[in-house]
>>> print(open('protein_30.cif').read())   # mmCIF, C-alpha atoms and all ligand atoms
data_protein
#
loop_
_atom_site.label_atom_id
_atom_site.label_comp_id
_atom_site.auth_asym_id
_atom_site.auth_seq_id
_atom_site.Cartn_x
_atom_site.Cartn_y
_atom_site.Cartn_z
CA MET L 171 38.20 191.06 116.96
CA SER L 172 41.31 192.19 115.11
CA ALA L 173 42.17 195.13 112.91
CA ASP L 174 41.93 192.60 110.05
CA ASN L 175 38.17 192.60 110.40
CA PRO L 176 37.26 195.27 107.84
CA ILE L 177 35.45 198.49 108.48
CA LEU L 178 32.60 198.67 105.99
CA ILE L 179 31.95 202.04 104.38
CA VAL L 180 28.58 202.35 102.67
CA GLY L 181 28.94 204.98 99.93
CA GLY L 182 32.00 205.88 97.88
CA GLY L 183 31.35 209.63 97.59
CA LEU L 184 33.92 212.20 98.69
CA GLY L 185 33.27 211.59 102.40
CA GLY L 186 33.38 207.81 102.13
CA LEU L 187 36.59 207.84 100.11
CA ALA L 188 38.28 210.32 102.46
CA ALA L 189 37.44 208.02 105.39
CA ALA L 190 38.62 204.96 103.46
CA LEU L 191 41.93 206.57 102.55
CA ALA L 192 42.58 207.84 106.07
CA LEU L 193 41.74 204.43 107.59
CA GLY L 194 43.75 202.64 104.91
CA ARG L 195 46.79 204.83 105.56
CA SER L 196 46.55 203.96 109.26
CA GLY L 197 46.81 200.27 108.33
CA ARG L 198 43.16 199.39 108.78
CA ARG L 199 41.35 197.01 106.40
CA VAL L 200 38.43 198.77 104.67
CA ARG L 201 35.71 197.71 102.24
CA VAL L 202 33.89 200.50 100.41
CA LEU L 203 30.47 199.48 99.08
CA GLU L 204 29.15 201.82 96.37
CA GLU L 205 25.78 201.33 94.74
CA ALA L 206 26.60 203.12 91.47
CA PRO L 207 28.20 201.00 88.75
CA GLN L 208 31.19 203.35 88.81
CA PHE L 209 32.87 205.37 91.56
CA GLY L 210 32.65 209.15 91.07
CA ALA L 211 30.13 209.30 88.26
CA ILE L 212 28.53 212.72 88.95
CA GLY L 213 30.51 215.27 87.02
CA TYR L 214 30.09 218.94 87.90
CA GLY L 215 32.23 221.53 89.58
CA ILE L 216 32.78 221.90 93.27
CA GLN L 217 34.20 224.75 95.37
CA LEU L 218 36.45 223.90 98.28
CA GLY L 219 37.42 226.28 101.07
CA PRO L 220 40.91 226.42 102.60
CA ASN L 221 39.70 224.41 105.60
CA VAL L 222 39.79 221.22 103.54
CA PHE L 223 43.53 221.45 102.81
CA PRO L 224 44.75 220.25 106.22
CA MET L 225 42.66 217.14 105.45
CA PHE L 226 44.26 216.72 102.03
CA GLU L 227 47.67 217.08 103.68
CA ARG L 228 46.84 214.32 106.17
CA LEU L 229 45.66 212.17 103.27
CA GLY L 230 48.79 212.95 101.25
CA VAL L 231 46.85 214.26 98.24
CA SER L 232 47.34 218.07 98.33
CA ALA L 233 49.70 218.15 95.33
CA PRO L 234 47.48 216.17 92.91
CA VAL L 235 44.39 218.08 94.09
CA LEU L 236 46.13 221.40 93.42
CA ARG L 237 47.30 220.23 90.00
CA ALA L 238 43.70 219.55 89.00
CA SER L 239 42.31 222.78 90.49
CA ASP L 240 41.67 226.35 89.39
CA LEU L 241 42.39 229.13 91.87
CA PRO L 242 39.84 231.91 91.41
CA PRO L 243 41.03 235.44 92.25
CA ALA L 244 37.83 236.29 94.16
CA LEU L 245 34.37 235.25 95.26
CA VAL L 246 31.98 237.85 93.89
CA MET L 247 28.31 238.43 94.63
CA LEU L 248 26.30 240.36 92.04
CA ASP L 249 22.75 241.65 92.22
CA ALA L 250 20.65 239.60 89.80
CA LEU L 251 18.46 242.52 88.76
CA ASP L 252 20.91 245.35 88.04
CA GLY L 253 24.22 243.46 87.95
CA GLU L 254 25.77 245.70 90.61
CA GLU L 255 28.55 244.18 92.70
CA ILE L 256 27.28 243.49 96.22
CA ALA L 257 30.36 241.92 97.77
CA ARG L 258 33.83 240.72 96.74
CA ILE L 259 36.02 238.46 98.83
CA PRO L 260 39.53 238.43 97.37
CA THR L 261 41.03 234.93 97.38
CA GLY L 262 44.54 235.89 96.27
CA ASP L 263 47.62 236.60 98.39
CA SER L 264 45.88 238.25 101.34
CA PHE L 265 43.42 235.36 101.60
CA ARG L 266 46.18 232.76 101.47
CA HIS L 267 48.17 234.70 104.02
CA ARG L 268 45.17 234.82 106.38
CA PHE L 269 43.90 231.25 105.90
CA LYS L 270 47.23 229.53 105.04
CA HIS L 271 45.64 227.64 102.14
CA PRO L 272 43.91 228.53 98.86
CA TYR L 273 40.28 228.58 97.84
CA ILE L 274 39.88 226.21 94.87
CA VAL L 275 37.37 225.04 92.30
CA ILE L 276 37.73 221.59 90.80
CA HIS L 277 35.82 219.14 88.63
CA ARG L 278 34.22 216.68 91.02
CA ILE L 279 35.35 213.73 88.91
CA ASP L 280 38.96 214.93 89.06
CA LEU L 281 38.81 215.18 92.85
CA HIS L 282 37.18 211.78 93.05
CA HIS L 283 39.95 210.32 90.93
CA VAL L 284 42.68 211.77 93.11
CA LEU L 285 41.11 210.03 96.13
CA LEU L 286 40.38 206.83 94.21
CA ASP L 287 43.89 206.60 92.78
CA ALA L 288 45.35 207.02 96.27
CA CYS L 289 42.99 204.34 97.65
CA LYS L 290 44.02 201.96 94.87
CA THR L 291 47.66 202.11 95.93
CA LEU L 292 46.74 200.51 99.27
CA ALA L 293 46.13 196.75 99.32
CA ASN L 294 44.05 197.02 102.51
CA ILE L 295 41.30 199.08 100.77
CA GLU L 296 38.75 197.17 98.71
CA LEU L 297 36.52 199.24 96.42
CA GLU L 298 33.34 197.50 95.30
CA ALA L 299 30.94 199.14 92.84
CA SER L 300 27.34 198.07 92.13
CA VAL L 301 26.79 197.07 95.76
CA SER L 302 23.68 198.58 97.27
CA ALA L 303 23.23 198.36 101.05
CA VAL L 304 19.66 197.77 102.18
CA GLU L 305 19.98 196.80 105.83
CA ILE L 306 22.43 196.88 108.72
CA GLU L 307 22.46 194.20 111.43
CA ASP L 308 24.42 194.92 114.57
CA GLY L 309 25.26 191.64 116.31
CA GLY L 310 27.08 193.31 119.21
CA ASP L 311 30.59 192.06 118.47
CA GLN L 312 30.32 192.53 114.73
CA VAL L 313 28.05 194.09 112.15
CA ARG L 314 26.62 192.92 108.84
CA VAL L 315 25.54 194.87 105.76
CA ARG L 316 22.79 193.18 103.77
CA THR L 317 22.89 194.08 100.10
CA LYS L 318 20.22 194.38 97.45
CA ASP L 319 21.59 191.33 95.65
CA GLY L 320 21.13 189.20 98.77
CA ARG L 321 24.64 189.16 100.20
CA SER L 322 25.59 189.62 103.83
CA ILE L 323 28.95 191.35 104.36
CA ALA L 324 30.52 191.21 107.82
CA GLY L 325 32.74 193.83 109.39
CA ALA L 326 33.92 195.36 112.64
CA ALA L 327 31.89 198.55 112.12
CA VAL L 328 29.83 200.35 109.48
CA ILE L 329 30.31 203.93 108.35
CA GLY L 330 27.22 205.31 106.63
CA ALA L 331 28.61 207.66 103.99
CA ASP L 332 25.64 207.19 101.70
CA GLY L 333 24.60 210.80 101.30
CA LEU L 334 21.37 212.75 101.57
CA GLY L 335 18.98 209.80 101.19
CA SER L 336 21.07 207.61 103.50
CA CYS L 337 19.76 204.10 104.01
CA VAL L 338 22.15 203.66 106.96
CA ARG L 339 20.68 206.74 108.66
CA SER L 340 17.18 205.32 108.26
CA MET L 341 18.34 202.26 110.29
CA LEU L 342 19.52 204.48 113.15
CA LEU L 343 16.82 207.12 113.31
CA ASN L 344 13.08 207.07 113.16
CA GLU L 345 12.37 210.10 110.96
CA GLY L 346 11.04 211.07 107.56
CA PRO L 347 12.85 212.05 104.37
CA PRO L 348 15.03 215.21 104.12
CA ARG L 349 13.25 218.60 104.17
CA LEU L 350 12.49 219.82 100.65
CA ILE L 351 12.84 223.61 100.62
CA GLY L 352 10.99 224.25 97.37
CA TYR L 353 14.07 225.05 95.27
CA VAL L 354 15.70 223.07 92.44
CA ALA L 355 19.14 223.20 90.78
CA HIS L 356 20.20 222.65 87.19
CA ARG L 357 23.91 222.12 86.53
CA THR L 358 25.85 222.43 83.28
CA ILE L 359 29.45 222.50 82.05
CA VAL L 360 30.19 224.20 78.71
CA PRO L 361 33.41 224.92 76.79
CA MET L 362 34.82 228.32 77.79
CA GLU L 363 34.43 229.60 74.20
CA ARG L 364 30.66 229.48 74.60
CA VAL L 365 30.58 231.84 77.59
CA PRO L 366 28.88 235.11 76.58
CA ALA L 367 30.91 238.32 76.48
CA GLY L 368 30.67 240.43 79.62
CA VAL L 369 30.48 237.46 82.01
CA LEU L 370 33.28 237.20 84.60
CA ARG L 371 35.20 234.04 83.75
CA ASP L 372 37.92 233.67 86.37
CA GLU L 373 36.03 234.41 89.58
CA VAL L 374 33.48 232.36 91.49
CA VAL L 375 30.38 234.46 90.86
CA LEU L 376 27.01 234.28 92.57
CA TRP L 377 24.16 236.31 91.14
CA GLY L 378 21.57 236.67 93.93
CA GLY L 379 17.96 237.45 92.97
CA PRO L 380 14.42 237.24 94.35
CA GLY L 381 13.82 233.50 94.68
CA TYR L 382 16.65 232.51 92.36
CA HIS L 383 20.42 232.55 91.92
CA ILE L 384 23.13 231.48 89.49
CA VAL L 385 26.65 230.42 90.41
CA HIS L 386 29.45 230.07 87.87
CA TYR L 387 33.19 229.49 87.74
CA PRO L 388 35.91 228.04 85.51
CA LEU L 389 37.22 224.46 85.70
CA ARG L 390 40.10 222.46 84.21
CA HIS L 391 42.46 225.41 83.95
CA GLY L 392 39.90 227.67 82.36
CA SER L 393 39.00 225.32 79.52
CA VAL L 394 35.41 224.79 80.67
CA PHE L 395 32.80 226.76 82.59
CA ASN L 396 30.54 225.40 85.34
CA ILE L 397 27.07 226.95 85.72
CA VAL L 398 24.48 226.19 88.39
CA ALA L 399 21.01 227.74 88.23
CA VAL L 400 18.90 227.48 91.38
CA PHE L 401 15.35 228.73 91.81
CA ARG L 402 12.14 228.36 93.77
CA THR L 403 9.34 226.42 92.12
CA SER L 404 6.11 224.76 93.14
CA THR L 405 7.10 221.82 90.92
CA CYS L 406 10.26 221.02 92.91
CA ALA L 407 9.12 217.50 93.81
CA GLU L 408 7.89 216.65 90.31
CA LYS L 409 9.61 215.02 87.40
CA GLY L 410 9.38 217.39 84.43
CA ASP L 411 10.69 217.49 80.88
CA VAL L 412 13.15 219.81 79.15
CA GLN L 413 10.44 221.93 77.53
CA GLY L 414 8.62 222.42 80.84
CA HIS L 415 11.88 223.25 82.62
CA ARG L 416 12.79 225.79 79.91
CA GLU L 417 9.44 227.57 80.24
CA GLU L 418 9.74 227.60 84.01
CA LEU L 419 13.25 229.10 83.81
CA GLU L 420 12.10 231.81 81.40
CA ARG L 421 9.24 232.75 83.72
CA THR L 422 11.33 232.69 86.88
CA TYR L 423 14.27 234.69 85.53
CA ARG L 424 12.21 237.15 83.44
CA ASP L 425 13.52 240.22 85.33
CA ALA L 426 17.09 238.93 85.64
CA HIS L 427 20.12 240.76 84.24
CA PRO L 428 20.70 240.05 80.50
CA ALA L 429 24.02 238.29 81.25
CA MET L 430 22.16 235.80 83.45
CA LYS L 431 19.63 235.16 80.71
CA ALA L 432 22.45 234.52 78.26
CA LEU L 433 23.91 231.98 80.71
CA LEU L 434 20.55 230.27 81.11
CA GLY L 435 20.49 229.76 77.36
CA LEU L 436 23.51 227.46 77.81
CA MET L 437 21.91 225.26 80.46
CA ASP L 438 21.33 221.57 79.98
CA LEU L 439 17.85 221.10 81.42
CA GLU L 440 17.61 217.30 81.26
CA ARG L 441 18.30 216.78 84.94
CA ARG L 442 17.39 218.74 88.05
CA TRP L 443 18.16 218.32 91.73
CA ALA L 444 15.57 219.12 94.39
CA ILE L 445 17.31 221.07 97.15
CA SER L 446 16.89 219.81 100.69
CA ASP L 447 18.54 219.67 104.08
CA ARG L 448 17.78 218.45 107.58
CA ASP L 449 17.80 219.96 111.04
CA PRO L 450 21.05 219.35 112.94
CA ILE L 451 21.09 216.43 115.39
CA ARG L 452 23.49 215.64 118.25
CA HIS L 453 24.14 211.94 117.72
CA TRP L 454 25.23 210.15 114.60
CA HIS L 455 26.03 206.71 115.96
CA LYS L 456 24.48 203.66 117.52
CA GLY L 457 26.35 200.48 118.43
CA ARG L 458 28.89 199.77 115.72
CA THR L 459 27.32 202.08 113.11
CA VAL L 460 28.17 205.73 112.53
CA LEU L 461 27.28 208.38 109.93
CA LEU L 462 29.32 211.02 108.13
CA GLY L 463 28.86 213.75 105.52
CA ASP L 464 25.42 214.36 104.05
CA ALA L 465 24.10 211.23 105.76
CA ALA L 466 24.80 212.91 109.13
CA HIS L 467 24.24 216.63 108.46
CA PRO L 468 22.90 217.51 104.98
CA THR L 469 23.15 221.23 104.31
CA LEU L 470 22.03 223.81 101.77
CA GLN L 471 24.76 224.81 99.30
CA SER L 472 25.01 228.49 100.31
CA LEU L 473 28.41 228.14 102.04
CA ALA L 474 29.64 225.59 99.45
CA GLN L 475 30.83 223.40 102.32
CA GLY L 476 28.90 220.08 102.14
CA ALA L 477 31.77 218.18 100.55
CA CYS L 478 34.35 219.97 102.71
CA MET L 479 32.44 218.85 105.82
CA ALA L 480 32.19 215.28 104.50
CA ILE L 481 35.97 215.17 103.94
CA GLU L 482 36.69 216.71 107.36
CA ASP L 483 34.36 214.11 108.91
CA GLY L 484 36.06 211.24 107.10
CA VAL L 485 39.55 212.18 108.26
CA CYS L 486 38.47 212.99 111.81
CA LEU L 487 36.51 209.75 112.19
CA ALA L 488 39.39 207.65 110.85
CA GLU L 489 41.83 209.28 113.27
CA GLN L 490 39.51 208.63 116.21
CA ILE L 491 39.02 205.00 115.18
CA HIS L 492 42.74 204.55 114.89
CA ALA L 493 43.39 206.15 118.26
CA ALA L 494 40.71 204.13 120.06
CA ARG L 495 41.80 200.83 118.51
CA GLU L 496 38.79 198.51 118.74
CA ASP L 497 36.77 200.72 121.11
CA PHE L 498 34.32 202.04 118.54
CA GLN L 499 32.05 203.63 121.13
CA ALA L 500 34.90 205.80 122.39
CA ALA L 501 35.93 206.67 118.82
CA PHE L 502 32.42 207.61 117.74
CA ARG L 503 31.86 209.76 120.83
CA GLN L 504 35.12 211.66 120.27
CA TYR L 505 34.29 212.09 116.59
CA GLU L 506 30.84 213.48 117.37
CA SER L 507 32.17 215.86 119.95
CA ALA L 508 34.73 217.20 117.45
CA ARG L 509 32.21 217.53 114.62
CA VAL L 510 28.59 218.06 115.65
CA VAL L 511 28.55 221.75 116.53
CA ARG L 512 30.76 222.79 113.62
CA THR L 513 28.60 220.96 111.06
CA ALA L 514 25.40 222.21 112.74
CA ARG L 515 26.70 225.76 112.33
CA VAL L 516 27.27 225.10 108.63
CA GLN L 517 23.69 223.81 108.34
CA LEU L 518 22.13 226.75 110.20
CA ASP L 519 24.31 229.51 108.73
CA SER L 520 23.64 228.10 105.25
CA ARG L 521 19.93 228.60 105.83
CA THR L 522 20.50 232.23 106.86
CA LEU L 523 22.73 232.85 103.87
CA TRP L 524 20.13 231.25 101.59
CA GLU L 525 17.68 234.01 102.58
CA PHE L 526 20.37 236.64 102.02
CA TYR L 527 21.06 235.34 98.49
CA HIS L 528 17.37 235.44 97.59
CA ALA L 529 16.44 238.77 99.16
CA ALA L 530 13.51 240.49 97.44
CA GLY L 531 11.91 243.93 97.69
CA ILE L 532 12.98 245.94 100.70
CA ALA L 533 15.09 243.02 101.98
CA ARG L 534 17.24 243.51 98.87
CA ASP L 535 17.85 247.15 99.86
CA VAL L 536 18.73 246.03 103.37
CA ARG L 537 21.16 243.49 101.92
CA ARG L 538 22.95 246.23 100.00
CA LEU L 539 23.13 248.49 103.04
CA THR L 540 24.32 245.65 105.28
CA VAL L 541 27.37 244.89 103.15
CA ALA L 542 28.16 248.47 102.14
CA ASP L 543 30.90 248.97 104.74
CA TRP L 544 32.29 245.43 104.83
CA THR L 545 36.05 245.50 104.58
CA GLU L 546 38.24 242.63 103.52
CA GLU L 547 39.37 242.23 107.12
CA HIS L 548 35.78 242.08 108.34
CA MET L 549 34.83 239.43 105.76
CA PHE L 550 37.89 237.33 106.58
CA ASN L 551 37.08 237.55 110.30
CA CYS L 552 33.47 236.46 109.63
CA LEU L 553 34.76 233.40 107.78
CA GLY L 554 37.45 232.54 110.34
CA TRP L 555 35.36 229.98 112.26
CA LEU L 556 34.93 228.04 109.03
CA TYR L 557 38.11 228.52 107.02
CA ASP L 558 40.50 228.26 109.98
CA GLY L 559 39.47 224.63 110.33
CA PHE L 560 38.78 222.75 113.55
CA PRO L 561 40.63 220.90 116.30
CA MET L 562 40.59 217.16 115.51
CA GLY L 563 39.55 216.35 119.08
CA GLN L 564 41.33 214.26 121.66
CA THR L 565 43.02 211.25 120.22
CA ARG L 566 43.88 209.45 123.42
CA ARG L 567 43.90 205.71 123.07
CA SER L 568 40.86 204.25 124.82
CA GLU L 569 42.86 202.51 127.56
CA ASP L 570 44.41 205.88 128.47
CA SER L 571 41.00 207.30 129.25
CA VAL L 572 39.77 204.64 131.69
C1 LIG T 601 23.95 221.87 93.31
C2 LIG T 601 24.94 221.48 94.39
C3 LIG T 601 26.14 222.17 94.50
C4 LIG T 601 27.06 221.85 95.51
N1 LIG T 601 28.23 222.56 95.59
C5 LIG T 601 29.10 222.28 96.58
C6 LIG T 601 30.34 223.01 96.67
O1 LIG T 601 30.63 223.88 95.84
N2 LIG T 601 31.19 222.70 97.69
C7 LIG T 601 30.92 221.73 98.63
O2 LIG T 601 31.75 221.49 99.54
N3 LIG T 601 29.74 221.03 98.55
C8 LIG T 601 28.85 221.27 97.56
N4 LIG T 601 27.70 220.56 97.46
C9 LIG T 601 27.40 219.56 98.49
C10 LIG T 601 28.15 218.27 98.25
O3 LIG T 601 27.88 217.79 96.94
C11 LIG T 601 27.74 217.19 99.26
O4 LIG T 601 27.64 217.76 100.54
C12 LIG T 601 28.77 216.09 99.28
O5 LIG T 601 28.82 215.44 98.03
C13 LIG T 601 28.46 215.08 100.38
O6 LIG T 601 29.39 214.02 100.30
P1 LIG T 601 29.01 212.60 100.88
O7 LIG T 601 30.21 211.74 100.62
O8 LIG T 601 28.51 212.73 102.27
O9 LIG T 601 27.75 212.10 100.03
P2 LIG T 601 27.60 211.87 98.46
O10 LIG T 601 28.55 212.68 97.69
O11 LIG T 601 26.15 212.04 98.19
O12 LIG T 601 28.00 210.35 98.27
C14 LIG T 601 27.16 209.30 98.71
C15 LIG T 601 27.53 208.03 97.95
O13 LIG T 601 26.80 206.94 98.50
C16 LIG T 601 26.29 206.14 97.46
N5 LIG T 601 25.12 205.44 98.01
C17 LIG T 601 23.90 205.97 98.30
N6 LIG T 601 23.10 205.01 98.82
C18 LIG T 601 23.83 203.86 98.86
C19 LIG T 601 23.54 202.53 99.29
N7 LIG T 601 22.35 202.19 99.81
N8 LIG T 601 24.51 201.58 99.18
C20 LIG T 601 25.74 201.89 98.68
N9 LIG T 601 26.06 203.15 98.24
C21 LIG T 601 25.12 204.12 98.34
C22 LIG T 601 25.96 207.14 96.35
O14 LIG T 601 25.90 206.51 95.08
C23 LIG T 601 27.15 208.10 96.46
O15 LIG T 601 28.24 207.70 95.69
C24 LIG T 601 26.77 220.83 96.44
C25 LIG T 601 25.57 220.11 96.32
C26 LIG T 601 24.67 220.43 95.30
C27 LIG T 601 23.38 219.64 95.19
#
>>> encode(input="protein_30.cif", output="structure tokens")
Amino acid sequence: MSADNPILIVGGGLGGLAAALALGRSGRRVRVLEEAPQFGAIGYGIQLGPNVFPMFERLGVSAPVLRASDLPPALVMLDALDGEEIARIPTGDSFRHRFKHPYIVIHRIDLHHVLLDACKTLANIELEASVSAVEIEDGGDQVRVRTKDGRSIAGAAVIGADGLGSCVRSMLLNEGPPRLIGYVAHRTIVPMERVPAGVLRDEVVLWGGPGYHIVHYPLRHGSVFNIVAVFRTSTCAEKGDVQGHREELERTYRDAHPAMKALLGLMDLERRWAISDRDPIRHWHKGRTVLLGDAAHPTLQSLAQGACMAIEDGVCLAEQIHAAREDFQAAFRQYESARVVRTARVQLDSRTLWEFYHAAGIARDVRRLTVADWTEEHMFNCLGWLYDGFPMGQTRRSEDSV
């Protein structure tokens, strides 16, 4: 089995493309199989913490990512009922000094294109759209991906980067669908001119309320504004229509601050996402198949780290594969040991933070009291485990370890 035998990556999201680029740069042949007719079709904003920049540096894409990004001056949490500021994490000079890299917001399509463009410069990366994986067959010395259109694609290993509803994961683990938590999200991007007066435009803002929140921030150098409205509803698993969604929003946010209501008036309510996650697990591989990103450890959005974790996974996995040469078992074990606890902490802390965002009644008073004496230094220290990044793990070549 030679390095010419491609590694098959199922899913061309941010995690899959990061893995493809890192493997491609190490000289490995890669085939990325993406079921959508186009790579990178979902177009909303995304926040990325400073921990993702060492990955961008390894991938050689920091400069184009930064060119397409906005750098907010702060992350601000506001109370959804009275509009009072609950917490403010400055992301200017002191943040960059502490974490060595910036906090950015970027249009997801722009980030996708940076990764795609870099992949396209490498002849050893094949990007194939409209290919839906339905089954994985592990023959011991090679693996095959069966596709919806009846093809069988052979490779040295399979990376399941196919997101929350991962088909690759369902081949490895006997379990049900992800855990619906009873919340939904609506996402919208509007021209900056339409943003109501009195709304903070430059910062990443989270309005936290009883059973609902709104997040907003600028994109594309302040020309557009990204808004995400998230709330609890008994209809989270149902398919509704715009009128029904509008009525539900009006009911849910009836006590919200007027600025939030003005923002809700701008929302496109055609599409909604049901929010879900899974419990952390210790093992993401079997034989020649391994998972990354949301397929391995789907998380709630409270820390805004799902994509960051997928990109960290992709780079780490590629480096381990490169170091272990054809010993995929050794590579996958090293990758898991570098990644499992960190991503599990993101999953579990995101659940805790979710409750904090949605505090109601007396819990809301406790929230205010809890943060009252938080200093910048304290907040930076609390975020250190996440934003300082992680050790890539041992990268001894497999023959060194026997
Ligand atoms: C409302 C919301 C806001 C978020 N905000 C942030 C944020 O600010 N910051 C952050 O870091 N994260 C954020 N996230 C999380 C982030 O979007 C995900 O964690 C991240 O996209 C995971 O990347 P991935 O590559 O693992 O999976 P995905 O991005 O889901 O990519 C999976 C890819 O696999 C493809 N695919 C699926 N099945 C198959 C198949 N059978 N065959 C072939 N291809 C297949 C899909 O079409 C898709 O392209 C947010 C999520 C939501 C819902």
>>> closest_residue(input="protein_30.cif", among="L:Leu439, L:Ala480, L:Ala501, L:Ala426", to="Asp411 (chain L)", atoms="only C-alpha atoms")
L:Leu439
>>> residues_around(input="protein_30.cif", residues="Leu297 (chain L)", least_positions_apart="4", cutoff="8 Å", atoms="only C-alpha atoms", output="number ranges by chain")
L: 201-204
>>> residues_near_ligand(input="protein_30.cif", ligand="ligand LIG 601 (chain T)", cutoff="7 Å", atoms="only C-alpha atoms and all ligand atoms", output="NGL selection string")
:L and (180-186 or 203-206 or 209-210 or 215-218 or 301-304 or 331-337 or 355 or 357 or 398 or 443 or 445 or 462-465 or 468-469 or 471 or 474-480)
>>> closest_atom_pairs(input="protein_30.cif", of="region 255-372 of chain L", to="region 516-528 of chain L", cutoff="12 Å", atoms="all atoms listed in the file", output="tab-separated table")
residue	atom	partner	partner_atom	distance
L:Ile256	CA	L:Tyr527	CA	10.5
L:Ala257	CA	L:Tyr527	CA	11.4
L:Ile351	CA	L:Arg521	CA	10.1
L:Tyr353	CA	L:Trp524	CA	10.7
>>> residues_around(input="protein_30.cif", residues="region 377-387 of chain L", least_positions_apart="4", cutoff="9 Å", atoms="all atoms listed in the file", output="PyMOL selection string")
chain L and resi 215+242+246-251+253+275+353+370-373+392+394-403+422-423+426+430+433-434+525-531+534
>>> write_last_selection(input="protein_30.cif", atoms="C-alpha atoms", output="PDB file, in the coordinates of the input")
ATOM      1  CA  GLY L 215      32.230 221.530  89.580  1.00  0.00           C
ATOM      2  CA  PRO L 242      39.840 231.910  91.410  1.00  0.00           C
ATOM      3  CA  VAL L 246      31.980 237.850  93.890  1.00  0.00           C
ATOM      4  CA  MET L 247      28.310 238.430  94.630  1.00  0.00           C
ATOM      5  CA  LEU L 248      26.300 240.360  92.040  1.00  0.00           C
ATOM      6  CA  ASP L 249      22.750 241.650  92.220  1.00  0.00           C
ATOM      7  CA  ALA L 250      20.650 239.600  89.800  1.00  0.00           C
ATOM      8  CA  LEU L 251      18.460 242.520  88.760  1.00  0.00           C
ATOM      9  CA  GLY L 253      24.220 243.460  87.950  1.00  0.00           C
ATOM     10  CA  VAL L 275      37.370 225.040  92.300  1.00  0.00           C
ATOM     11  CA  TYR L 353      14.070 225.050  95.270  1.00  0.00           C
ATOM     12  CA  LEU L 370      33.280 237.200  84.600  1.00  0.00           C
ATOM     13  CA  ARG L 371      35.200 234.040  83.750  1.00  0.00           C
ATOM     14  CA  ASP L 372      37.920 233.670  86.370  1.00  0.00           C
ATOM     15  CA  GLU L 373      36.030 234.410  89.580  1.00  0.00           C
ATOM     16  CA  GLY L 392      39.900 227.670  82.360  1.00  0.00           C
ATOM     17  CA  VAL L 394      35.410 224.790  80.670  1.00  0.00           C
ATOM     18  CA  PHE L 395      32.800 226.760  82.590  1.00  0.00           C
ATOM     19  CA  ASN L 396      30.540 225.400  85.340  1.00  0.00           C
ATOM     20  CA  ILE L 397      27.070 226.950  85.720  1.00  0.00           C
ATOM     21  CA  VAL L 398      24.480 226.190  88.390  1.00  0.00           C
ATOM     22  CA  ALA L 399      21.010 227.740  88.230  1.00  0.00           C
ATOM     23  CA  VAL L 400      18.900 227.480  91.380  1.00  0.00           C
ATOM     24  CA  PHE L 401      15.350 228.730  91.810  1.00  0.00           C
ATOM     25  CA  ARG L 402      12.140 228.360  93.770  1.00  0.00           C
ATOM     26  CA  THR L 403       9.340 226.420  92.120  1.00  0.00           C
ATOM     27  CA  THR L 422      11.330 232.690  86.880  1.00  0.00           C
ATOM     28  CA  TYR L 423      14.270 234.690  85.530  1.00  0.00           C
ATOM     29  CA  ALA L 426      17.090 238.930  85.640  1.00  0.00           C
ATOM     30  CA  MET L 430      22.160 235.800  83.450  1.00  0.00           C
ATOM     31  CA  LEU L 433      23.910 231.980  80.710  1.00  0.00           C
ATOM     32  CA  LEU L 434      20.550 230.270  81.110  1.00  0.00           C
ATOM     33  CA  GLU L 525      17.680 234.010 102.580  1.00  0.00           C
ATOM     34  CA  PHE L 526      20.370 236.640 102.020  1.00  0.00           C
ATOM     35  CA  TYR L 527      21.060 235.340  98.490  1.00  0.00           C
ATOM     36  CA  HIS L 528      17.370 235.440  97.590  1.00  0.00           C
ATOM     37  CA  ALA L 529      16.440 238.770  99.160  1.00  0.00           C
ATOM     38  CA  ALA L 530      13.510 240.490  97.440  1.00  0.00           C
ATOM     39  CA  GLY L 531      11.910 243.930  97.690  1.00  0.00           C
ATOM     40  CA  ARG L 534      17.240 243.510  98.870  1.00  0.00           C
TER      41      ARG L 534
END
>>> atom_distance(input="protein_30.cif", atom1="CA of Glu482 (chain L)", atom2="CA of Met225 (chain L)")
6.3 Å
>>> closest_residue(input="protein_30.cif", among="L:Met549, L:Arg237, L:Val222, L:Leu286", to="Gln208 (chain L)", atoms="all atoms listed in the file")
L:Leu286
>>> residues_around(input="protein_30.cif", residues="Gly309 (chain L)", least_positions_apart="4", cutoff="12 Å", atoms="only C-alpha atoms", output="PyMOL selection string")
chain L and resi 313-315+324-328+457-459
>>> closest_residue(input="protein_30.cif", among="L:Glu255, L:Glu440, L:Asp497, L:Asp240", to="Gly410 (chain L)", atoms="only C-alpha atoms")
L:Glu440
>>> residues_around(input="protein_30.cif", residues="Val231 (chain L)", least_positions_apart="4", cutoff="8 Å", atoms="all atoms listed in the file", output="mmCIF file with C-alpha atoms, in the coordinates of the input")
data_model
loop_
_atom_site.group_PDB
_atom_site.id
_atom_site.type_symbol
_atom_site.label_atom_id
_atom_site.label_comp_id
_atom_site.auth_asym_id
_atom_site.auth_seq_id
_atom_site.Cartn_x
_atom_site.Cartn_y
_atom_site.Cartn_z
ATOM 1 C CA PHE L 226 44.260 216.720 102.030
ATOM 2 C CA GLU L 227 47.670 217.080 103.680
ATOM 3 C CA VAL L 235 44.390 218.080 94.090
ATOM 4 C CA VAL L 284 42.680 211.770 93.110
ATOM 5 C CA LEU L 285 41.110 210.030 96.130
ATOM 6 C CA ALA L 288 45.350 207.020 96.270
#
>>> atom_distance(input="protein_30.cif", atom1="CA of Arg416 (chain L)", atom2="CA of Val354 (chain L)")
13.1 Å
